[in-house]
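Undergrad: File protein.cif below, mmCIF, C-alpha atoms:
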data_target
#
loop_
_atom_site.label_atom_id
_atom_site.label_comp_id
_atom_site.auth_asym_id
_atom_site.auth_seq_id
_atom_site.Cartn_x
_atom_site.Cartn_y
_atom_site.Cartn_z
CA MET U 4 140.34 65.42 61.57
CA ARG U 5 143.41 64.58 59.53
CA VAL U 6 144.01 68.21 58.80
CA LYS U 7 143.81 69.01 62.47
CA ASN U 8 146.35 66.32 63.29
CA VAL U 9 148.72 67.67 60.68
CA GLU U 10 148.32 71.17 62.03
CA ARG U 11 148.89 69.97 65.56
CA ASN U 12 152.01 68.06 64.61
CA LEU U 13 153.24 71.01 62.63
CA GLY U 14 152.74 73.23 65.64
CA ARG U 15 154.72 70.83 67.77
CA SER U 16 157.52 70.79 65.23
CA ARG U 17 157.63 74.55 65.17
CA ALA U 18 157.73 74.71 68.95
CA PHE U 19 160.50 72.14 69.06
CA TYR U 20 162.43 73.98 66.38
CA ALA U 21 162.10 77.28 68.19
CA ARG U 22 163.21 75.67 71.42
CA SER U 23 166.19 74.09 69.70
CA MET U 24 167.19 77.43 68.27
CA LYS U 25 166.98 78.98 71.72
CA GLU U 26 169.20 76.28 73.13
CA GLU U 27 171.63 76.62 70.28
CA GLY U 28 171.80 80.37 70.70
CA PHE U 29 172.32 80.02 74.42
CA GLU U 30 175.16 77.56 73.96
CA ARG U 31 176.86 79.82 71.44
CA ALA U 32 176.47 82.84 73.72
CA VAL U 33 177.94 80.96 76.66
CA ARG U 34 180.94 79.81 74.65
CA GLU U 35 181.53 83.35 73.42
CA GLN U 36 181.05 85.17 76.71
CA LYS U 37 182.12 82.77 79.45
CA ASP U 38 185.77 83.87 79.60
CA ARG U 39 184.82 87.51 79.40
CA VAL U 40 182.41 87.21 82.31
CA HIS U 41 184.84 85.12 84.32
CA SER U 42 187.69 87.56 83.74
CA TYR U 43 185.50 90.47 84.77
CA ALA U 44 184.43 88.72 87.96
CA PHE U 45 187.99 87.66 88.71
CA TRP U 46 189.48 91.14 88.30
CA MET U 47 186.64 92.61 90.31
CA LEU U 48 187.08 90.21 93.20
CA ARG U 49 190.58 88.76 92.77
CA ASP U 50 189.20 85.48 94.04
CA ARG U 51 189.18 82.40 91.84
CA ASP U 52 186.38 80.49 93.57
CA GLU U 53 184.08 83.46 93.86
CA ALA U 54 184.69 84.43 90.25
CA ARG U 55 183.81 80.91 89.14
CA ASP U 56 180.64 80.86 91.24
CA ILE U 57 179.53 84.25 90.01
CA SER U 58 180.19 83.39 86.38
CA GLN U 59 178.20 80.18 86.73
CA GLU U 60 175.33 82.01 88.35
CA ALA U 61 175.30 84.71 85.67
CA LEU U 62 175.26 82.12 82.87
CA VAL U 63 172.48 80.12 84.51
CA ARG U 64 170.46 83.32 84.94
CA LEU U 65 170.94 84.02 81.26
CA TRP U 66 169.35 80.62 80.57
CA GLN U 67 166.46 81.47 82.86
CA HIS U 68 165.91 84.82 81.12
CA ARG U 69 166.79 83.70 77.61
CA ASN U 70 163.40 84.72 76.27
CA GLN U 71 163.79 88.28 77.53
CA VAL U 72 167.40 89.00 76.54
CA PRO U 73 167.93 90.01 72.90
CA ASP U 74 171.00 88.62 71.18
CA GLU U 75 172.68 91.99 70.79
CA ALA U 76 172.38 92.69 74.52
CA ILE U 77 173.72 89.39 75.83
CA ARG U 78 177.21 90.68 76.60
CA SER U 79 176.10 93.76 78.53
CA TRP U 80 173.35 91.76 80.25
CA LEU U 81 175.85 89.17 81.44
CA LEU U 82 178.36 91.75 82.61
CA ARG U 83 175.69 93.71 84.42
CA THR U 84 174.45 90.55 86.14
CA ALA U 85 178.00 89.58 87.04
CA HIS U 86 178.61 93.10 88.33
CA HIS U 87 175.60 93.00 90.64
CA LEU U 88 176.67 89.61 91.92
CA CYS U 89 180.18 90.93 92.51
CA VAL U 90 178.87 93.94 94.39
CA ASP U 91 176.79 91.61 96.56
CA ARG U 92 179.87 89.56 97.35
CA LEU U 93 181.92 92.63 98.11
CA ARG U 94 179.26 93.92 100.43
CA ARG U 95 178.95 90.62 102.22
CA ARG U 96 182.53 89.78 102.72
CA ALA U 97 184.99 91.72 104.76
CA VAL U 98 187.82 93.30 102.88
CA ARG U 99 190.36 90.57 102.43
CA SER U 100 193.27 90.14 100.12
CA GLY U 101 192.81 88.14 96.96
CA PRO U 102 194.91 85.20 95.92
CA SER U 103 198.52 85.78 95.15
CA LEU U 104 199.63 85.99 91.57
CA GLU U 105 201.16 82.54 91.92
CA ASP U 106 197.61 81.29 92.29
CA VAL U 107 196.47 83.29 89.34
CA THR U 108 199.30 82.56 86.94
CA PRO U 109 198.24 79.03 85.96
CA MET U 110 194.84 80.39 84.96
CA LEU U 111 196.14 83.11 82.69
CA ARG U 112 195.81 82.50 79.01
CA ASP U 113 198.93 83.01 76.94
CA ARG U 114 199.14 80.87 73.86
CA ASN U 115 202.92 81.04 73.32
CA PRO U 116 204.47 82.09 76.55
CA GLY U 117 208.23 82.38 76.33
CA PRO U 118 210.03 82.63 79.67
CA ASP U 119 210.73 86.38 79.42
CA LYS U 120 207.34 87.17 78.05
CA ALA U 121 205.58 85.14 80.70
CA ALA U 122 207.56 86.80 83.46
CA ALA U 123 206.84 90.27 82.08
CA ALA U 124 203.13 89.52 81.69
CA GLU U 125 203.02 88.12 85.18
CA GLU U 126 204.65 91.22 86.62
CA THR U 127 202.42 93.59 84.68
CA GLY U 128 199.33 91.63 85.60
CA ARG U 129 200.23 91.66 89.25
CA ARG U 130 200.87 95.40 89.30
CA ILE U 131 197.81 96.38 87.36
CA GLY U 132 195.77 94.01 89.51
CA ASP U 133 197.09 95.68 92.62
CA ALA U 134 196.39 99.09 91.15
CA LEU U 135 192.83 98.06 90.34
CA ARG U 136 192.32 97.02 93.92
CA SER U 137 193.04 100.55 95.02
CA LEU U 138 189.92 101.74 93.20
CA SER U 139 186.41 101.66 94.58
CA SER U 140 184.29 98.79 93.28
CA ARG U 141 182.29 101.14 91.08
CA ASP U 142 185.35 102.79 89.54
CA ARG U 143 186.95 99.38 89.09
CA ALA U 144 183.84 98.18 87.27
CA ILE U 145 183.87 101.24 85.03
CA VAL U 146 187.54 100.79 84.15
CA LEU U 147 187.14 97.08 83.46
CA MET U 148 184.05 97.54 81.33
CA ARG U 149 185.51 100.42 79.35
CA GLU U 150 189.18 99.57 78.97
CA VAL U 151 189.19 95.79 79.20
CA GLN U 152 185.79 94.79 77.82
CA GLY U 153 185.58 97.68 75.37
CA MET U 154 181.99 98.57 76.16
CA ALA U 155 180.45 101.82 74.95
CA TYR U 156 179.64 104.56 77.41
CA ASP U 157 175.89 104.25 77.11
CA GLU U 158 176.17 100.51 77.53
CA ILE U 159 178.16 100.93 80.75
CA ALA U 160 175.79 103.63 81.96
CA ARG U 161 172.84 101.28 81.53
CA ALA U 162 174.69 98.38 83.12
CA LEU U 163 175.68 100.36 86.19
CA ASP U 164 172.64 102.65 86.34
CA LEU U 165 174.81 105.76 86.18
CA PRO U 166 174.31 109.10 84.44
CA LEU U 167 176.68 109.57 81.53
CA GLY U 168 178.40 112.59 83.10
CA THR U 169 179.02 110.75 86.35
CA LEU U 170 180.38 107.83 84.40
CA LYS U 171 182.88 109.92 82.45
CA ALA U 172 184.01 111.81 85.55
CA SER U 173 184.49 108.54 87.42
CA LEU U 174 186.46 107.05 84.54
CA HIS U 175 188.78 110.06 84.34
CA ARG U 176 189.34 109.98 88.07
CA ALA U 177 190.03 106.25 88.00
CA ARG U 178 192.55 106.60 85.17
CA GLU U 179 194.43 109.25 87.04
CA LYS U 180 194.53 107.14 90.15
CA LEU U 181 195.75 104.13 88.19
CA ARG U 182 198.42 106.29 86.58
CA ARG U 183 199.67 107.37 89.98
CA GLU U 184 199.64 103.78 91.23
CA LEU U 185 201.54 102.53 88.21
CA ILE U 186 204.05 105.36 88.49
CA GLN U 187 204.68 104.31 92.06
CA ALA U 188 205.02 100.74 90.90
CA GLY U 189 207.45 101.78 88.21
CA VAL U 190 205.30 100.65 85.30
CA ALA U 191 204.25 104.06 84.02
CA PRO U 192 206.66 106.96 83.35
CA MET C 26 198.55 125.46 85.54
CA SER C 27 195.01 126.16 84.61
CA ASP C 28 195.88 125.48 80.98
CA CYS C 29 197.48 122.19 81.97
CA ARG C 30 194.33 121.10 83.81
CA LYS C 31 192.20 121.88 80.80
CA ILE C 32 194.62 120.15 78.47
CA GLN C 33 194.72 117.07 80.70
CA ASP C 34 190.92 116.92 80.65
CA ALA C 35 191.05 117.28 76.90
CA ILE C 36 193.60 114.45 76.72
CA GLN C 37 191.16 112.21 78.55
CA GLU C 38 188.37 113.33 76.25
CA ARG C 39 190.56 112.45 73.30
CA MET C 40 191.11 108.99 74.74
CA ASP C 41 187.38 108.39 74.82
CA ALA C 42 186.33 109.77 71.46
CA PRO C 43 187.63 111.86 68.57
CA VAL C 44 187.75 115.56 69.38
CA ALA C 45 187.36 118.62 67.20
CA ALA C 46 190.29 119.55 64.96
CA ASP C 47 191.01 122.86 66.74
CA LEU C 48 191.06 121.15 70.14
CA ARG C 49 193.36 118.45 68.79
CA GLN C 50 195.74 121.09 67.46
CA ALA C 51 195.66 122.93 70.78
CA ILE C 52 196.55 119.72 72.63
CA GLU C 53 199.43 118.97 70.29
CA ALA C 54 200.76 122.51 70.57
CA HIS C 55 200.59 122.38 74.36
CA LEU C 56 202.27 118.97 74.55
CA ARG C 57 205.20 120.23 72.51
CA LEU C 58 205.84 122.85 75.15
CA CYS C 59 204.75 121.18 78.43
CA GLY C 60 206.73 118.22 79.73
CA GLU C 61 204.32 117.63 82.62
CA CYS C 62 201.36 117.15 80.33
CA ARG C 63 203.46 114.97 78.03
CA SER C 64 204.25 112.81 81.00
CA TYR C 65 200.59 112.82 81.93
CA GLN C 66 199.61 111.52 78.54
CA GLU C 67 202.35 108.89 78.52
CA GLY C 68 201.16 107.72 81.92
CA LEU C 69 197.59 107.39 80.70
CA ASP C 70 198.78 105.54 77.62
CA ALA C 71 200.70 103.15 79.88
CA VAL C 72 197.58 102.62 81.99
CA ARG C 73 195.57 101.83 78.91
CA ARG C 74 198.22 99.46 77.56
CA ALA C 75 198.41 97.69 80.89
CA LEU C 76 194.65 97.31 81.10
CA VAL C 77 194.35 96.07 77.55
CA SER C 78 197.08 93.54 78.20
CA LEU C 79 195.40 92.37 81.36
CA PRO C 80 195.31 88.63 80.88
CA GLU C 81 192.02 86.91 80.29
CA VAL C 82 191.13 84.39 82.94
CA PRO C 83 189.52 81.40 81.22
CA PHE C 84 186.38 79.92 82.67
CA PRO C 85 187.27 76.45 84.03
CA ASP C 86 185.97 73.48 82.03
CA GLU C 87 184.48 71.79 85.07
CA ALA C 88 182.53 74.95 85.86
CA LEU C 89 181.29 75.05 82.27
CA ALA C 90 180.15 71.44 82.60
CA LEU C 91 178.12 72.44 85.64
CA VAL C 92 176.54 75.26 83.67
CA TRP C 93 175.44 72.80 80.98
CA GLU C 94 174.08 70.48 83.64
CA ARG C 95 172.02 73.28 85.12
CA THR C 96 170.74 74.54 81.78
CA ILE C 97 170.50 72.73 78.44
CA ARG C 98 171.32 69.30 79.84
CA SER C 99 168.84 69.47 82.65
CA ARG C 100 165.93 67.00 82.48
CA PRO C 101 163.54 67.91 79.70
CA ASP C 102 160.51 67.59 81.94
CA GLU C 103 162.05 70.16 84.26
CA ARG C 104 163.13 72.48 81.48
CA HIS C 105 159.88 72.54 79.60
CA ARG C 106 157.42 71.80 82.34
CA PRO C 107 154.28 73.80 81.68
CA SER C 108 153.36 76.38 84.19
CA MET C 109 151.02 75.13 86.92
CA ARG C 110 149.70 78.56 87.71
CA PHE C 111 145.94 78.90 87.86
CA ASP C 112 144.59 80.32 84.64
CA TRP C 113 141.01 81.55 84.97
CA ARG C 114 140.52 81.45 81.20
CA VAL C 115 141.32 77.74 81.07
CA ALA C 116 139.02 77.10 84.03
CA LEU C 117 136.22 79.06 82.39
CA ALA C 118 136.61 77.19 79.11
CA ALA C 119 136.56 73.85 80.93
CA ALA C 120 133.39 74.78 82.82
CA ALA C 121 131.70 75.87 79.59
CA ALA C 122 132.67 72.63 77.86
CA VAL C 123 131.27 70.50 80.69
CA THR C 124 128.04 72.49 80.73
CA LEU C 125 127.55 72.11 77.00
CA LEU C 126 128.24 68.40 77.27
CA PHE C 127 125.57 67.74 79.89
CA LEU C 128 123.01 70.32 78.81
CA PRO C 129 120.92 67.95 76.57
CA ALA C 130 120.77 65.38 79.36
CA LEU C 131 119.30 67.95 81.71
CA PHE C 132 116.46 68.85 79.33
CA ARG C 133 115.75 65.38 77.88
CA PRO C 134 112.53 64.68 79.97
CA VAL C 135 111.10 67.98 78.83
CA LEU C 136 111.93 67.71 75.20
CA ASP C 137 109.71 65.26 73.23
CA PRO C 138 111.53 63.55 70.41
CA TYR C 139 108.28 63.10 68.31
CA SER C 140 106.17 65.73 66.70
CA ALA C 141 102.40 65.99 67.17
CA ALA C 142 101.70 64.77 63.62
CA GLU C 143 103.85 61.70 64.17
CA LEU C 144 102.01 60.92 67.38
CA ALA C 145 98.61 61.30 65.71
CA ARG C 146 99.61 58.99 62.90
CA ALA C 147 100.91 56.38 65.33
CA ASP C 148 97.66 56.56 67.28
CA ARG C 149 95.65 56.11 64.11
CA ASP C 150 97.73 53.13 63.01
CA ALA C 151 97.42 51.49 66.40
CA ARG C 152 93.63 51.82 66.38
CA ARG C 153 93.42 50.33 62.89
CA VAL C 154 95.55 47.33 63.88
CA LEU C 155 93.41 46.72 66.94
CA SER C 156 90.26 46.89 64.84
CA LEU C 157 91.54 44.39 62.30
CA ALA C 158 92.67 42.06 65.07
CA SER C 159 89.25 42.27 66.67
CA GLN C 160 87.48 41.51 63.38
CA THR C 161 89.72 38.52 62.72
CA LEU C 162 89.05 37.19 66.17
CA ARG C 163 85.32 37.49 65.75
CA ARG C 164 85.40 35.69 62.39
CA THR C 165 87.49 32.89 63.78
CA GLU C 166 85.11 32.46 66.70
CA ARG C 167 82.08 32.41 64.43
CA ALA C 168 83.63 29.82 62.11
CA ALA C 169 84.50 27.56 65.03
CA VAL C 170 80.94 27.77 66.34
CA ASN C 171 79.55 26.84 62.95
CA GLN C 172 81.86 23.83 62.71
CA VAL C 173 80.83 22.63 66.16
CA LEU C 174 77.19 23.08 65.29
CA ALA C 175 77.64 21.15 62.08
CA GLY C 176 79.25 18.33 63.99
CA GLU C 177 82.42 18.65 62.04
CA ILE C 178 84.49 19.09 65.16
CA VAL C 179 83.88 18.26 68.74
CA PRO C 180 85.29 20.54 71.37
CA ALA C 181 88.07 18.72 73.26
CA VAL C 182 87.32 20.54 76.43
CA ARG C 183 83.71 21.04 77.05
CA ARG C 184 84.31 23.64 79.66
CA ILE C 185 85.35 26.06 77.01
CA PRO C 186 82.74 28.71 77.22
CA ILE C 187 81.07 29.15 73.92
CA ARG C 188 78.72 31.94 73.40
CA TRP C 189 75.96 30.20 71.57
CA PRO C 190 73.77 32.25 69.37
CA GLN C 191 70.15 32.07 70.42
CA SER C 192 69.01 30.73 67.10
CA LYS C 193 71.64 28.05 66.92
CA ARG C 194 71.44 26.39 70.32
CA PRO C 195 72.34 22.66 70.14
CA ASP C 196 69.17 21.75 72.09
CA SER C 197 67.06 22.93 69.27
CA ARG C 198 68.68 20.65 66.74
CA ARG C 199 69.51 17.32 68.39
CA PRO C 200 68.92 15.77 71.71
CA ARG C 201 71.56 15.72 74.36
CA THR C 202 73.19 12.39 74.98
#
Starting from the file, give its structure as structure tokens.
TA:
Amino acid sequence: MRVKNVERNLGRSRAFYARSMKEEGFERAVREQKDRVHSYAFWMLRDRDEARDISQEALVRLWQHRNQVPDEAIRSWLLRTAHHLCVDRLRRRAVRSGPSLEDVTPMLRDRNPGPDKAAAAEETGRRIGDALRSLSSRDRAIVLMREVQGMAYDEIARALDLPLGTLKASLHRAREKLRRELIQAGVAP
Amino acid sequence: MSDCRKIQDAIQERMDAPVAADLRQAIEAHLRLCGECRSYQEGLDAVRRALVSLPEVPFPDEALALVWERTIRSRPDERHRPSMRFDWRVALAAAAAVTLLFLPALFRPVLDPYSAAELARADRDARRVLSLASQTLRRTERAAVNQVLAGEIVPAVRRIPIRWPQSKRPDSRRPRT
């Protein structure tokens, strides 16, 4: 009987320990990925409230699926979830302009912003943001995942359910369109 | 123009991954001669620089607090509540346990707790005890009769029926008063 009690208590301790590790891993993942997910949602939607809601929802879903998501896939899983949520929002809402850069500027992270540097970053951010809005939601997602988030092609292909060839063609097309937009805006030569 | 299109595609390929040495040399040779493709590459580089410098938008602290509330700081009984889905294996095990528990009670009237040998021995012992008790009673009765006949004791209640032996009737020994 005593042996059984010890085994039972040991089992409980193991379960508690495993649960604690899950919680600890989740908390670390959230702290590492929250800004990345929020930035992605923001630049997809250009809407502060919607980006916040979508990021929250993606992080809560990660908690709900924490037993199915391996550690090495957390980033792509979160971005894919955020992407699907963004697409849902874009489908539901009518095309409307996002917040002005004045709304965005206080949220931007710049650790040592001098006046000139801040103004230049603000101008570049506004123009590239406007250029991104000229892309389709799928091309915008590809550009953000590849150029901003630094994801590998196969990772993006899995996240967006796209063939690799289609993905590369879309990325090339999106770059060219951005180049033309930035030339018009005077940012690119 | 056709060469430029191919070179521009190759420039994009080179942006994505390292290309073969001969293709890289062909691109460099073309760029030295073609201003349009040089401009194309500079434009793509500017796009990439602009995207990389796209400012990160930090997740608000109050939103993070809500995430904690909905996840690791939610009530433990809600987080770790066991599933209430019907599990036929659990139900089957419970039914088997209950059956095993009450099975002896169902068959108790049928099952005899004593063996045949034990019953025979008990019967024998009971008969012996009854026999001894009967002998003792008869001896006691005979002794009492003898004492009455000898006049050693007088029965307190005369209505006590005494089975007098024929040879020892009181009438034959002394007259009745």
Undergrad: What does the distance from CA of His175 in chain U to CA of Arg30 in chain C come to in Å, to one decimal?
TA: 12.4 Å
Undergrad: Please expand the PyMOL selection byres ((chain C) within 8 of (chain U)) into the concrete residues it hits in this file, giving the result as a list in words.
TA: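 So the PyMOL selection byres ((chain C) within 8 of (chain U)) ends up selecting Gln37, Ser64, Glu67, Gly68, Leu69, Ala71, Val72, Arg73, Ala75, Leu76, Val77, Ser78, Leu79, Pro80, Glu81, Val82, Pro83, Phe84, Pro85, Ala88, Leu89, Leu91, Val92, Arg95, Thr96 and Ile97 of chain C.
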Undergrad: Could you work out how far CA of Val173 in chain C lies from CA of Leu155 in chain C, giving the answer in Å with one decimal?
TA: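 So the two atoms, CA of Leu155 in chain C and CA of Val173 in chain C, lie 27.2 Å apart.
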Undergrad: Given all atoms listed in the file as the basis, pick out the residue of C:Ala46, C:Leu174, C:Gln33, C:Ala51 nearest to Arg63 in chain C.
TA: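 For Arg63 in chain C, the nearest of the candidates is C:Gln33.
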Undergrad: Distance CA of Arg96 in chain U-CA of Ala177 in chain U, one decimal place?
TA: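 The value is 23.3 Å.
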